[in-house]
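Colleague: Coordinates in work35.cif, mmCIF, C-alpha atoms, are listed below.
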data_final
loop_
_atom_site.group_PDB
_atom_site.id
_atom_site.type_symbol
_atom_site.label_atom_id
_atom_site.label_comp_id
_atom_site.auth_asym_id
_atom_site.auth_seq_id
_atom_site.Cartn_x
_atom_site.Cartn_y
_atom_site.Cartn_z
ATOM 1 C CA ASN A 952 -17.231 -0.095 -6.320
ATOM 2 C CA ASN A 953 -20.847 -1.163 -6.303
ATOM 3 C CA LEU A 954 -22.133 -1.740 -9.803
ATOM 4 C CA TYR A 955 -25.690 -1.124 -8.701
ATOM 5 C CA LYS A 956 -27.385 0.886 -5.978
ATOM 6 C CA LYS A 957 -28.660 -1.341 -3.238
ATOM 7 C CA ALA A 958 -31.991 -0.737 -1.623
ATOM 8 C CA PRO A 959 -31.951 1.521 1.437
ATOM 9 C CA LEU A 960 -30.553 -0.068 4.562
ATOM 10 C CA THR A 961 -32.961 -2.185 6.550
ATOM 11 C CA LYS A 962 -33.857 -1.241 10.105
ATOM 12 C CA GLU A 963 -31.814 -4.221 11.292
ATOM 13 C CA GLU A 964 -28.734 -3.114 9.318
ATOM 14 C CA ILE A 965 -29.045 0.430 10.654
ATOM 15 C CA LYS A 966 -29.347 -0.903 14.210
ATOM 16 C CA GLU A 967 -26.255 -3.108 13.784
ATOM 17 C CA PHE A 968 -24.199 -0.353 12.170
ATOM 18 C CA LYS A 969 -25.168 2.155 14.874
ATOM 19 C CA ALA A 970 -24.163 -0.309 17.605
ATOM 20 C CA THR A 971 -20.819 -0.861 15.882
ATOM 21 C CA GLU A 972 -20.318 2.893 15.495
ATOM 22 C CA LYS A 973 -20.988 3.388 19.188
ATOM 23 C CA ASP A 974 -18.058 1.062 19.969
ATOM 24 C CA ALA A 975 -15.729 2.511 17.332
ATOM 25 C CA GLU A 976 -12.627 4.216 18.656
ATOM 26 C CA GLY A 977 -9.715 4.363 16.260
ATOM 27 C CA ILE A 978 -9.163 5.192 12.637
ATOM 28 C CA TYR A 979 -9.318 1.498 11.667
ATOM 29 C CA ASP A 980 -12.681 1.002 13.423
ATOM 30 C CA TYR A 981 -14.290 3.965 11.680
ATOM 31 C CA ARG A 982 -12.781 3.136 8.275
ATOM 32 C CA SER A 983 -13.887 -0.502 8.446
ATOM 33 C CA LEU A 984 -17.392 0.488 9.449
ATOM 34 C CA ALA A 985 -17.554 3.127 6.710
ATOM 35 C CA ASP A 986 -16.397 0.531 4.173
ATOM 36 C CA ALA A 987 -19.199 -1.818 5.259
ATOM 37 C CA ILE A 988 -21.825 0.940 5.175
ATOM 38 C CA ALA A 989 -20.655 2.150 1.764
ATOM 39 C CA GLY A 990 -20.827 -1.438 0.529
ATOM 40 C CA ALA A 991 -24.376 -1.682 1.872
ATOM 41 C CA GLY A 992 -25.304 1.401 -0.146
ATOM 42 C CA ASP A 993 -25.275 4.416 2.200
ATOM 43 C CA LYS A 994 -22.501 6.647 0.853
ATOM 44 C CA ASP A 995 -23.549 9.690 2.910
ATOM 45 C CA TRP A 996 -23.262 7.869 6.225
ATOM 46 C CA ALA A 997 -19.994 6.310 5.068
ATOM 47 C CA LYS A 998 -18.596 9.761 4.239
ATOM 48 C CA LYS A 999 -19.398 10.990 7.771
ATOM 49 C CA LEU A 1000 -17.592 7.986 9.240
ATOM 50 C CA TYR A 1001 -14.574 8.494 6.969
ATOM 51 C CA LYS A 1002 -14.441 12.077 8.302
ATOM 52 C CA LYS A 1003 -14.446 10.716 11.857
ATOM 53 C CA ALA A 1004 -11.669 8.285 10.908
ATOM 54 C CA GLU A 1005 -9.636 11.138 9.441
ATOM 55 C CA GLY A 1006 -9.812 12.953 12.784
ATOM 56 C CA ARG A 1007 -8.322 10.047 14.731
ATOM 57 C CA PRO A 1008 -4.602 9.537 15.315
ATOM 58 C CA GLY A 1009 -2.939 7.036 13.039
ATOM 59 C CA ASP A 1010 0.228 6.032 11.263
ATOM 60 C CA CYS A 1011 1.165 6.070 7.592
ATOM 61 C CA SER A 1012 -0.652 2.864 6.721
ATOM 62 C CA ASP A 1013 -3.826 4.017 8.508
ATOM 63 C CA PHE A 1014 -4.047 7.152 6.359
ATOM 64 C CA ASN A 1015 -2.959 5.313 3.214
ATOM 65 C CA ASP A 1016 -5.707 2.711 3.746
ATOM 66 C CA LEU A 1017 -8.237 5.454 4.486
ATOM 67 C CA ALA A 1018 -7.384 7.212 1.220
ATOM 68 C CA ASP A 1019 -7.677 3.907 -0.657
ATOM 69 C CA SER A 1020 -11.133 3.295 0.843
ATOM 70 C CA ILE A 1021 -12.348 6.786 0.005
ATOM 71 C CA ILE A 1022 -11.326 6.381 -3.623
ATOM 72 C CA GLN A 1023 -12.789 2.899 -3.858
ATOM 73 C CA ASN A 1024 -16.075 3.627 -2.106
ATOM 74 C CA LEU A 1025 -16.719 7.324 -2.751
ATOM 75 C CA GLY A 1026 -14.573 8.040 -5.809
ATOM 76 C CA ASP A 1027 -13.236 11.190 -4.117
ATOM 77 C CA LYS A 1028 -9.668 11.515 -5.414
ATOM 78 C CA GLU A 1029 -9.154 15.061 -4.120
ATOM 79 C CA TRP A 1030 -9.891 14.051 -0.531
ATOM 80 C CA ALA A 1031 -7.705 10.999 -0.974
ATOM 81 C CA LYS A 1032 -4.804 13.166 -2.220
ATOM 82 C CA GLU A 1033 -4.921 15.107 1.053
ATOM 83 C CA LEU A 1034 -4.882 11.865 3.020
ATOM 84 C CA TYR A 1035 -1.934 10.579 0.989
ATOM 85 C CA LYS A 1036 -0.086 13.786 1.991
ATOM 86 C CA THR A 1037 -0.811 12.994 5.636
ATOM 87 C CA ALA A 1038 0.393 9.430 5.085
ATOM 88 C CA GLU A 1039 3.592 10.781 3.516
ATOM 89 C CA GLU A 1040 4.259 12.987 6.550
ATOM 90 C CA LYS A 1041 3.947 9.921 8.762
ATOM 91 C CA ALA A 1042 5.957 7.555 6.548
ATOM 92 C CA GLU A 1043 9.036 6.194 8.289
ATOM 93 C CA ASP A 1044 10.337 3.037 6.677
ATOM 94 C CA CYS A 1045 10.713 1.243 3.374
ATOM 95 C CA SER A 1046 7.350 -0.480 3.689
ATOM 96 C CA ASP A 1047 5.523 2.811 4.338
ATOM 97 C CA PHE A 1048 6.970 4.504 1.260
ATOM 98 C CA ARG A 1049 6.488 1.438 -0.939
ATOM 99 C CA SER A 1050 2.836 1.036 0.060
ATOM 100 C CA LEU A 1051 2.224 4.731 -0.476
ATOM 101 C CA ALA A 1052 3.797 4.554 -3.936
ATOM 102 C CA ASP A 1053 1.719 1.474 -4.804
ATOM 103 C CA SER A 1054 -1.508 3.236 -3.805
ATOM 104 C CA ILE A 1055 -0.696 6.457 -5.620
ATOM 105 C CA PHE A 1056 0.234 4.531 -8.753
ATOM 106 C CA LYS A 1057 -2.856 2.315 -8.637
ATOM 107 C CA ASN A 1058 -5.473 4.829 -7.479
ATOM 108 C CA LEU A 1059 -4.271 8.103 -8.965
ATOM 109 C CA GLY A 1060 -2.141 6.923 -11.878
ATOM 110 C CA GLU A 1061 0.619 9.303 -10.795
ATOM 111 C CA LYS A 1062 3.665 7.428 -12.063
ATOM 112 C CA ASP A 1063 6.234 10.164 -11.328
ATOM 113 C CA ARG A 1064 5.005 10.669 -7.771
ATOM 114 C CA ALA A 1065 5.026 6.912 -7.241
ATOM 115 C CA LYS A 1066 8.638 6.777 -8.479
ATOM 116 C CA LYS A 1067 9.582 9.446 -5.930
ATOM 117 C CA PHE A 1068 8.219 7.270 -3.128
ATOM 118 C CA TYR A 1069 9.827 4.116 -4.519
ATOM 119 C CA ARG A 1070 13.164 5.965 -4.403
ATOM 120 C CA LYS A 1071 12.539 6.921 -0.782
ATOM 121 C CA ALA A 1072 11.642 3.301 -0.060
ATOM 122 C CA GLU A 1073 14.861 2.158 -1.707
ATOM 123 C CA ASN A 1074 16.892 4.531 0.477
ATOM 124 C CA LYS A 1075 15.162 3.133 3.564
ATOM 125 C CA ALA A 1076 15.596 -0.549 2.640
ATOM 126 C CA GLU A 1077 17.260 -2.254 5.585
ATOM 127 C CA ASN A 1078 17.272 -5.907 4.600
ATOM 128 C CA PHE A 1079 16.843 -8.455 1.838
ATOM 129 C CA PHE A 1080 13.061 -8.616 2.246
ATOM 130 C CA ASP A 1081 12.634 -4.838 1.988
ATOM 131 C CA CYS A 1082 14.468 -5.028 -1.325
ATOM 132 C CA GLN A 1083 12.441 -7.989 -2.558
ATOM 133 C CA PHE A 1084 9.064 -6.394 -1.831
ATOM 134 C CA LEU A 1085 10.261 -3.167 -3.417
ATOM 135 C CA VAL A 1086 11.273 -5.010 -6.589
ATOM 136 C CA GLU A 1087 7.826 -6.591 -6.808
ATOM 137 C CA SER A 1088 6.344 -3.089 -6.876
ATOM 138 C CA ILE A 1089 8.899 -1.530 -9.210
ATOM 139 C CA LEU A 1090 8.771 -4.389 -11.668
ATOM 140 C CA GLY A 1091 5.046 -4.974 -11.345
ATOM 141 C CA ASN A 1092 3.960 -1.350 -11.635
ATOM 142 C CA LEU A 1093 6.728 0.263 -13.665
ATOM 143 C CA GLY A 1094 8.267 -2.676 -15.518
ATOM 144 C CA ASP A 1095 11.693 -1.115 -14.874
ATOM 145 C CA LYS A 1096 14.314 -3.876 -15.195
ATOM 146 C CA GLU A 1097 17.288 -1.502 -14.863
ATOM 147 C CA TRP A 1098 16.002 -0.262 -11.508
ATOM 148 C CA THR A 1099 15.190 -3.851 -10.552
ATOM 149 C CA ARG A 1100 18.832 -4.772 -11.162
ATOM 150 C CA LYS A 1101 20.019 -1.937 -8.888
ATOM 151 C CA VAL A 1102 17.689 -2.990 -6.083
ATOM 152 C CA TYR A 1103 18.803 -6.616 -6.445
ATOM 153 C CA GLU A 1104 22.424 -5.441 -6.163
ATOM 154 C CA LYS A 1105 21.448 -3.790 -2.893
ATOM 155 C CA ALA A 1106 19.631 -6.975 -1.832
ATOM 156 C CA GLU A 1107 22.796 -8.963 -2.514
ATOM 157 C CA GLU A 1108 24.718 -6.681 -0.140
ATOM 158 C CA LYS A 1109 22.053 -7.117 2.513
ATOM 159 C CA ALA A 1110 21.515 -10.886 2.189
ATOM 160 C CA GLU A 1111 22.597 -12.619 5.379
ATOM 161 C CA ASP A 1112 22.137 -16.364 5.009
ATOM 162 C CA SER A 1113 21.925 -19.184 2.488
ATOM 163 C CA PHE A 1114 18.132 -18.975 2.302
ATOM 164 C CA GLU A 1115 18.253 -15.304 1.294
ATOM 165 C CA TYR A 1116 21.033 -15.906 -1.245
ATOM 166 C CA GLU A 1117 19.127 -18.815 -2.737
ATOM 167 C CA LYS A 1118 15.898 -16.805 -2.993
ATOM 168 C CA LEU A 1119 17.753 -13.846 -4.478
ATOM 169 C CA ALA A 1120 19.320 -16.096 -7.120
ATOM 170 C CA GLU A 1121 15.884 -17.463 -7.957
ATOM 171 C CA PHE A 1122 14.433 -13.939 -8.270
ATOM 172 C CA ILE A 1123 17.342 -12.647 -10.371
ATOM 173 C CA ASN A 1124 16.907 -15.552 -12.754
ATOM 174 C CA ARG A 1125 13.120 -15.142 -12.882
ATOM 175 C CA ASP A 1126 12.948 -11.350 -13.130
ATOM 176 C CA LEU A 1127 16.075 -10.522 -15.098
ATOM 177 C CA GLY A 1128 16.945 -13.791 -16.815
ATOM 178 C CA ASP A 1129 20.551 -13.359 -15.677
ATOM 179 C CA LYS A 1130 21.584 -16.973 -15.042
ATOM 180 C CA GLU A 1131 25.267 -16.092 -14.614
ATOM 181 C CA TRP A 1132 24.621 -13.581 -11.846
ATOM 182 C CA ALA A 1133 22.083 -15.930 -10.274
ATOM 183 C CA GLU A 1134 24.649 -18.735 -10.072
ATOM 184 C CA LYS A 1135 27.227 -16.391 -8.562
ATOM 185 C CA VAL A 1136 24.730 -15.215 -5.928
ATOM 186 C CA LYS A 1137 23.637 -18.761 -5.115
ATOM 187 C CA LYS A 1138 27.205 -19.621 -4.154
ATOM 188 C CA GLY A 1139 27.165 -16.726 -1.703
#
If you convert what's in this file into structure tokens, what do you get?

Modeller:
Amino acid sequence: NNLYKKAPLTKEEIKEFKATEKDAEGIYDYRSLADAIAGAGDKDWAKKLYKKAEGRPGDCSDFNDLADSIIQNLGDKEWAKELYKTAEEKAEDCSDFRSLADSIFKNLGEKDRAKKFYRKAENKAENFFDCQFLVESILGNLGDKEWTRKVYEKAEEKAEDSFEYEKLAEFINRDLGDKEWAEKVKKG
């Protein structure tokens, strides 16, 4: 996302980056280094490192983050789409699907595909906090209050203690303006 092209890398920067690359092992190491090199102005070198990152084993979030970096630093949405597919294959839990949906919505503008992953996240929600984070995405990205209500109903079923009930009541009041339901929830 550089607004201007920086001057070529200095000899010192190249030396530092090469030393860091020599020690790089996993997908995170290569992605982080590529991000730094792209930020310093060498997109070609960064692209090579992103390719190396892609070839390393990783989980859903590794490939999701890699796709995000490639869009941000190289603007290559087609490559990122392939990486999002890999992330999807590796997605396991609510958080994985929610993060994937957030990225696809933000970086590709694919609202329907994001909704598909939010639904998968909803089906995988195991606790109050899964539901709460999911609502933040659904409400924040889609503005869907009806869906928010359904997820909060699920959160109410999954709430386990007074803290969670109190927070849920606060969120219901804030996000839906439903004071009656909020009071009911607060009482547990």

Colleague: Quick check, in Å to one decimal: how far apart do atom CA of A:Arg1007 and atom CA of A:Glu1039 lie?

Modeller: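 Interatomic distance, atom CA of A:Arg1007 to atom CA of A:Glu1039: 16.4 Å.
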
Colleague: Selection in question (the file shown): the PyMOL selection byres ((chain A and resi 1014-1022) around 7). Which residues does it include, as a ChimeraX atom specification?

Modeller: /A:982,986,1009-1013,1023-1028,1031,1034-1035,1037-1038,1051,1054

Colleague: Hey, can you check how far atom CA of A:Cys1082 sits from atom CA of A:Leu1059?

Modeller: 24.1 Å

Colleague: Please report the interatomic distance between atom CA of A:Ala1110 and atom CA of A:Ser1050 in Å with one decimal.

Modeller: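 Separation between atom CA of A:Ala1110 and atom CA of A:Ser1050: 22.3 Å.
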
Colleague: For stretch 1018-1058 of chain A against stretch 1068-1076 of chain A, with a cut-off of 8 Å and counting all atoms listed in the file, what is the closest atom pair and its distance in Å to one decimal for every residue that makes the cut, ordered by chain and number, as a tab-separated table?

Modeller:
residue	atom	partner	partner_atom	distance
A:Asp1044	CA	A:Lys1075	CA	5.7
A:Cys1045	CA	A:Ala1072	CA	4.1
A:Ser1046	CA	A:Ala1072	CA	6.8
A:Asp1047	CA	A:Ala1072	CA	7.6
A:Phe1048	CA	A:Ala1072	CA	5.0
A:Arg1049	CA	A:Ala1072	CA	5.6
A:Leu1051	CA	A:Phe1068	CA	7.0
A:Ala1052	CA	A:Phe1068	CA	5.3

Colleague: Take the residues from that selection and put them in a file with C-alpha atoms, as an mmCIF file, keeping the file's coordinate frame.

Modeller:
data_model
loop_
_atom_site.group_PDB
_atom_site.id
_atom_site.type_symbol
_atom_site.label_atom_id
_atom_site.label_comp_id
_atom_site.auth_asym_id
_atom_site.auth_seq_id
_atom_site.Cartn_x
_atom_site.Cartn_y
_atom_site.Cartn_z
ATOM 1 C CA ASP A 1044 10.337 3.037 6.677
ATOM 2 C CA CYS A 1045 10.713 1.243 3.374
ATOM 3 C CA SER A 1046 7.350 -0.480 3.689
ATOM 4 C CA ASP A 1047 5.523 2.811 4.338
ATOM 5 C CA PHE A 1048 6.970 4.504 1.260
ATOM 6 C CA ARG A 1049 6.488 1.438 -0.939
ATOM 7 C CA LEU A 1051 2.224 4.731 -0.476
ATOM 8 C CA ALA A 1052 3.797 4.554 -3.936
#

Colleague: Applying the PyMOL selection byres ((chain A and resi 1130-1137) around 10) to the file I just gave you, which residues come out? Please list them as a list in words.

Modeller: Glu1107, Ala1110, Ser1113, Phe1114, Glu1115, Tyr1116, Glu1117, Lys1118, Leu1119, Ala1120, Glu1121, Phe1122, Ile1123, Asn1124, Arg1125, Leu1127, Gly1128, Asp1129, Lys1138 and Gly1139 of chain A

Colleague: Tell me which protein, DNA and RNA residues are within 12 Å of A:Glu967, counting only C-alpha atoms, leaving out same-chain ones fewer than 5 positions away, and put them as a JSON list (two decimals) with C-alpha atoms, in the coordinates of the input.

Modeller:
[["chain", "number", "residue", "atom", "x", "y", "z"],
["A", 960, "LEU", "CA", -30.55, -0.07, 4.56],
["A", 961, "THR", "CA", -32.96, -2.18, 6.55],
["A", 962, "LYS", "CA", -33.86, -1.24, 10.10],
["A", 972, "GLU", "CA", -20.32, 2.89, 15.50],
["A", 973, "LYS", "CA", -20.99, 3.39, 19.19],
["A", 974, "ASP", "CA", -18.06, 1.06, 19.97],
["A", 984, "LEU", "CA", -17.39, 0.49, 9.45],
["A", 987, "ALA", "CA", -19.20, -1.82, 5.26],
["A", 988, "ILE", "CA", -21.82, 0.94, 5.18]]
